Structure formats: structure tokens, C-alpha cells
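Enquirer: Mind having a look at this structure? Questions to follow.
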Amino acid sequence: MQRALELARLGVGAVAPNPMVGCVIVHNNRITGEGWHRQFGGPHAEVNAINSVKDKSLLSKSTLYVTLEPCNHFGKTPPCTGLILEHKIPEVVIAAPDPNPLVAGKGIKKLRDAGVQVTTNVLLEEAMELNRRFFVFHQQERAYVILKYAQTTDGFIAKDIAKVSKDEYLRDKQISGAAAQKLVHKWRTEEDAILIGSATVANDNPRLNARLWSGKNPVRVLIDDTGAMAGNAHVLDGSQATLIFTTLKNYPAVHGAEVIVLGKQQFAAQLLHQLFERKIMSVIVEGGKQTLQTFIDENVWDEARIFTSPKTYLSGIVAPSLKGEVIEKKQTGEDWFTLIKNTVV
């Protein structure tokens, strides 16, 4: 199963809103086939693993290891349970049940009803951690939230543009170093969306793409209650799908973006459910203090990725205060990286 999990990770950033799944087929303690879900809409891991077995006659005497319950419904591909039964594979070992209501135990039941020996919950925690976005997506009907920000060693995430010149603000706005910036662009290729607020658009005019790393660009998500999003902003250049969320009922039409009006109560929760409805499984929140605080106050965040730079500002916008479990702390280039998990979601 460890090998199956390793294979599953190869699908990162390419399969959402499907889960990352790996599969290994074993005959007489020897791996005879391997596969993983490579691309959304493409063959599932079980299909690729079965197809990789050269001698198909061995399948009827083999064990299939898979990181997530095989599907039992027709989607973009036929059900994997049917293929397993077609090849008379007698034993299936599953890491985690599938939380998708379309599957949710039905795959396991079909296999057992057909006489297949099914073992479940093998390396369950590792499998659920691998597909934590998928589990949150289906169990809470919202996008998985990653808070990301950089702070100075004295605890500031930006200079206060109301108290310094625009030139000084722009000169010092980049807190993290080159290694951290490249890593962030890699993360952008692995998640479905990236979110900022209107103040960040106005002050920084970011592109929110993954130009420093090869891979797909995320959907751009903007929060704006000003109704005055600059037409020349990079985020409205039409190069990526862009959503604008607002509480303004008469928000003007914006070229290159879809506008979604929400209520003021539980704004972040509403936004995340709207992303769920659009099959956006994960979002990196890279906004300023107010935007980050919106998700923190509503307690709709799952992990925080924080870079701490050796730079000092002495004054400015104070970094958010988070309560959670520190999972990892390591040096990344000239910065320290800290990963915090929300333990009270």
C-alpha cells in the first residue's frame, strides 16, 4: 500500500476534482502491475494498473491494492468495480473509503457481494491525509483552504500604505526570498484556485499565475466590495478563469470575470460553498490581513503555510494570529517555513 500511495501522489495538481489514487497488483509477493490516476477525465488508477499487467491470466490469482475505494458508477469512465470483477481478481485491499456520495461504500459492497475478499482501512490515515482536499470537499461541501503569507521576523506582513509612500511600499513589498517564491508558484500549480482581496489588487497588482513553475495556472478568485476593480489590473487580463465575489447587489459587469453576489453573513463560508458548486476543490488564500482574517474568524481554513523572513519592518500590518498544530518547520532558502494545521475545523 505504501507503493500505491507513492504512485497516487504523482497525480497532484492534475486530477481535481477527482482524488489522487494509486494502485498496485501483486501475484506471489511480486508486483506485476502499477498505475495511478494521471489526468482528470482519464482512466482511473485501477484501469492503468490492470492494463499494465503483461500476463492477464495472473489477475485471477492476484491481490489488488488501491488507495481509495473503487468506483461503482459511470462518470467520465466506466466503473472500476466492473473491471475488477471482469478479470476475476479475488482479493482487493483498500486504504480509505470514498466520501463521494456516488461511491460511499457502494464499490466495497458490490465487490463483496460478488465474492471478492475485501480488506479496508489499510494505512487509512496516510490515505486520508493524501486526499484531505477531496475529503473536505465531499464531507463539508466546500473548497479546502490553505492560508499562505510571508511575515518579517518582527511579525509584519506588509508596510502600511497609508503611512508610507507608494514607492517605499512597492520597494519593500516582497518579504520572502527567491526559494520561497518559486515554491509558492509550484503550489499554485497543485491547487485549483488562488484568492486575494481588492486591496491587494489595488496595491500590488499581482498576476496570480505560476510563471516560475511549469504547470497549470489556478482559477483567480477576488473579493471586492468597492465595485471599482481597475480595468487594467493583471487579474482581469482574461488569461485565466476569474471569479469576483462581492456583497454589492449592483456590482458592475467586469470584462474577463464572473461576478457572484453573496450575503454579508458567513461570507467566507458562502464563498467556499460556491467554489464547491463549481467543482473547485482547493484554494490558496494569499490576500492581505483583512482577507486572511475573514477566513480565520469564520474558522473555515484547513492549513496555513507561513514564511518568516530575516527582514524587519519595525512597524506595519501585523501578521494574523493562528491557533493550530505546528506540523512542520524548516528552512527554505533564507526564510523559515512553518506549516500549521487547523485542529478545530
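Simple scheme: letters A, B, ... for chains in C-alpha cells order, numbers from 1 for residues in each chain, numbers from 1 for ligands in the order shown.
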For Lys249 of chain A, work out the shell of residues within 12 Å, counting only C-alpha atoms and skipping chain neighbours fewer than 4 positions away, then give it as a count of residues only.
Expert: 12
Enquirer: Write out as number ranges by chain all residues of segment 129-259 of chain A that backbone DSSP assigns to strand (DSSP E or B).
Expert: A: 144-151, 156-158, 193-197, 219-223, 242-246, 258-259
Enquirer: Would you list the contacts of Gly288 of chain A as a short mmCIF file (atom, residue, chain, number, x, y, z; two decimals) with N, CA and C atoms, in the first residue's frame, taking every protein, DNA or RNA residue within 10 Å and counting only C-alpha atoms, but skipping same-chain residues closer than 5 positions in sequence?
Expert:
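Generated file (around_22.cif):
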data_model
loop_
_atom_site.label_atom_id
_atom_site.label_comp_id
_atom_site.auth_asym_id
_atom_site.auth_seq_id
_atom_site.Cartn_x
_atom_site.Cartn_y
_atom_site.Cartn_z
N LYS A 148 -1.86 31.34 3.08
CA LYS A 148 -0.44 31.48 2.79
C LYS A 148 -0.04 32.94 2.94
N TYR A 149 1.00 33.18 3.71
CA TYR A 149 1.53 34.55 3.80
C TYR A 149 2.98 34.52 4.25
N ILE A 157 3.30 41.64 7.96
CA ILE A 157 3.10 41.04 6.63
C ILE A 157 3.16 42.09 5.52
N ALA A 158 3.18 43.37 5.87
CA ALA A 158 3.28 44.44 4.87
C ALA A 158 3.50 45.75 5.58
N ILE A 196 -7.42 36.52 -3.45
CA ILE A 196 -6.96 37.76 -2.82
C ILE A 196 -8.12 38.73 -2.71
N GLY A 197 -7.90 39.83 -1.99
CA GLY A 197 -8.91 40.88 -1.87
C GLY A 197 -8.60 42.06 -2.77
N SER A 198 -9.53 42.99 -2.83
CA SER A 198 -9.39 44.14 -3.74
C SER A 198 -8.23 45.05 -3.35
N ALA A 199 -7.90 45.12 -2.05
CA ALA A 199 -6.79 45.98 -1.63
C ALA A 199 -5.47 45.46 -2.20
N THR A 200 -5.30 44.14 -2.23
CA THR A 200 -4.09 43.57 -2.81
C THR A 200 -4.01 43.83 -4.30
N GLN A 293 -8.03 37.31 7.64
CA GLN A 293 -8.77 37.32 8.90
C GLN A 293 -10.22 36.89 8.71
N ILE A 317 1.59 46.28 8.99
CA ILE A 317 0.40 45.45 9.19
C ILE A 317 0.84 44.18 9.92
N ALA A 319 0.96 40.49 11.38
CA ALA A 319 0.57 39.19 10.85
C ALA A 319 -0.61 38.61 11.64
N PRO A 320 -1.43 37.78 11.00
CA PRO A 320 -2.57 37.16 11.71
C PRO A 320 -2.09 36.29 12.86
#
Enquirer: Using only C-alpha atoms, which protein or nucleic acid residues come within 12 Å of segment 136-140 of chain A? Drop anything in the same chain fewer than 4 positions from it, and give the result as a ChimeraX atom specification.
Expert: /A:16-19,98-104,128-132,144-145,269,272-283,300-302,345
Enquirer: Choose the residue, out of A:Leu208, A:Ile94, A:Gly13, A:Gln2, that has the smallest atom-to-atom separation from Thr189 of chain A; count only C-alpha atoms.
Expert: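 Closest residue, counting only C-alpha atoms: A:Gly13.
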Enquirer: So which residues of segment 8-248 of chain A fall under helix (DSSP H, G or I) by DSSP, listed as a PyMOL selection string?
Expert: chain A and resi 8-11+45-52+56-61+80-86+106-113+124-130+132-140+166-172+178-190+198-204+234-236
Enquirer: Rounded to one decimal place, report the atom CA of Asn29 of chain A-atom CA of Glu125 of chain A distance in Å.
Expert: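 Interatomic distance here is 24.3 Å.
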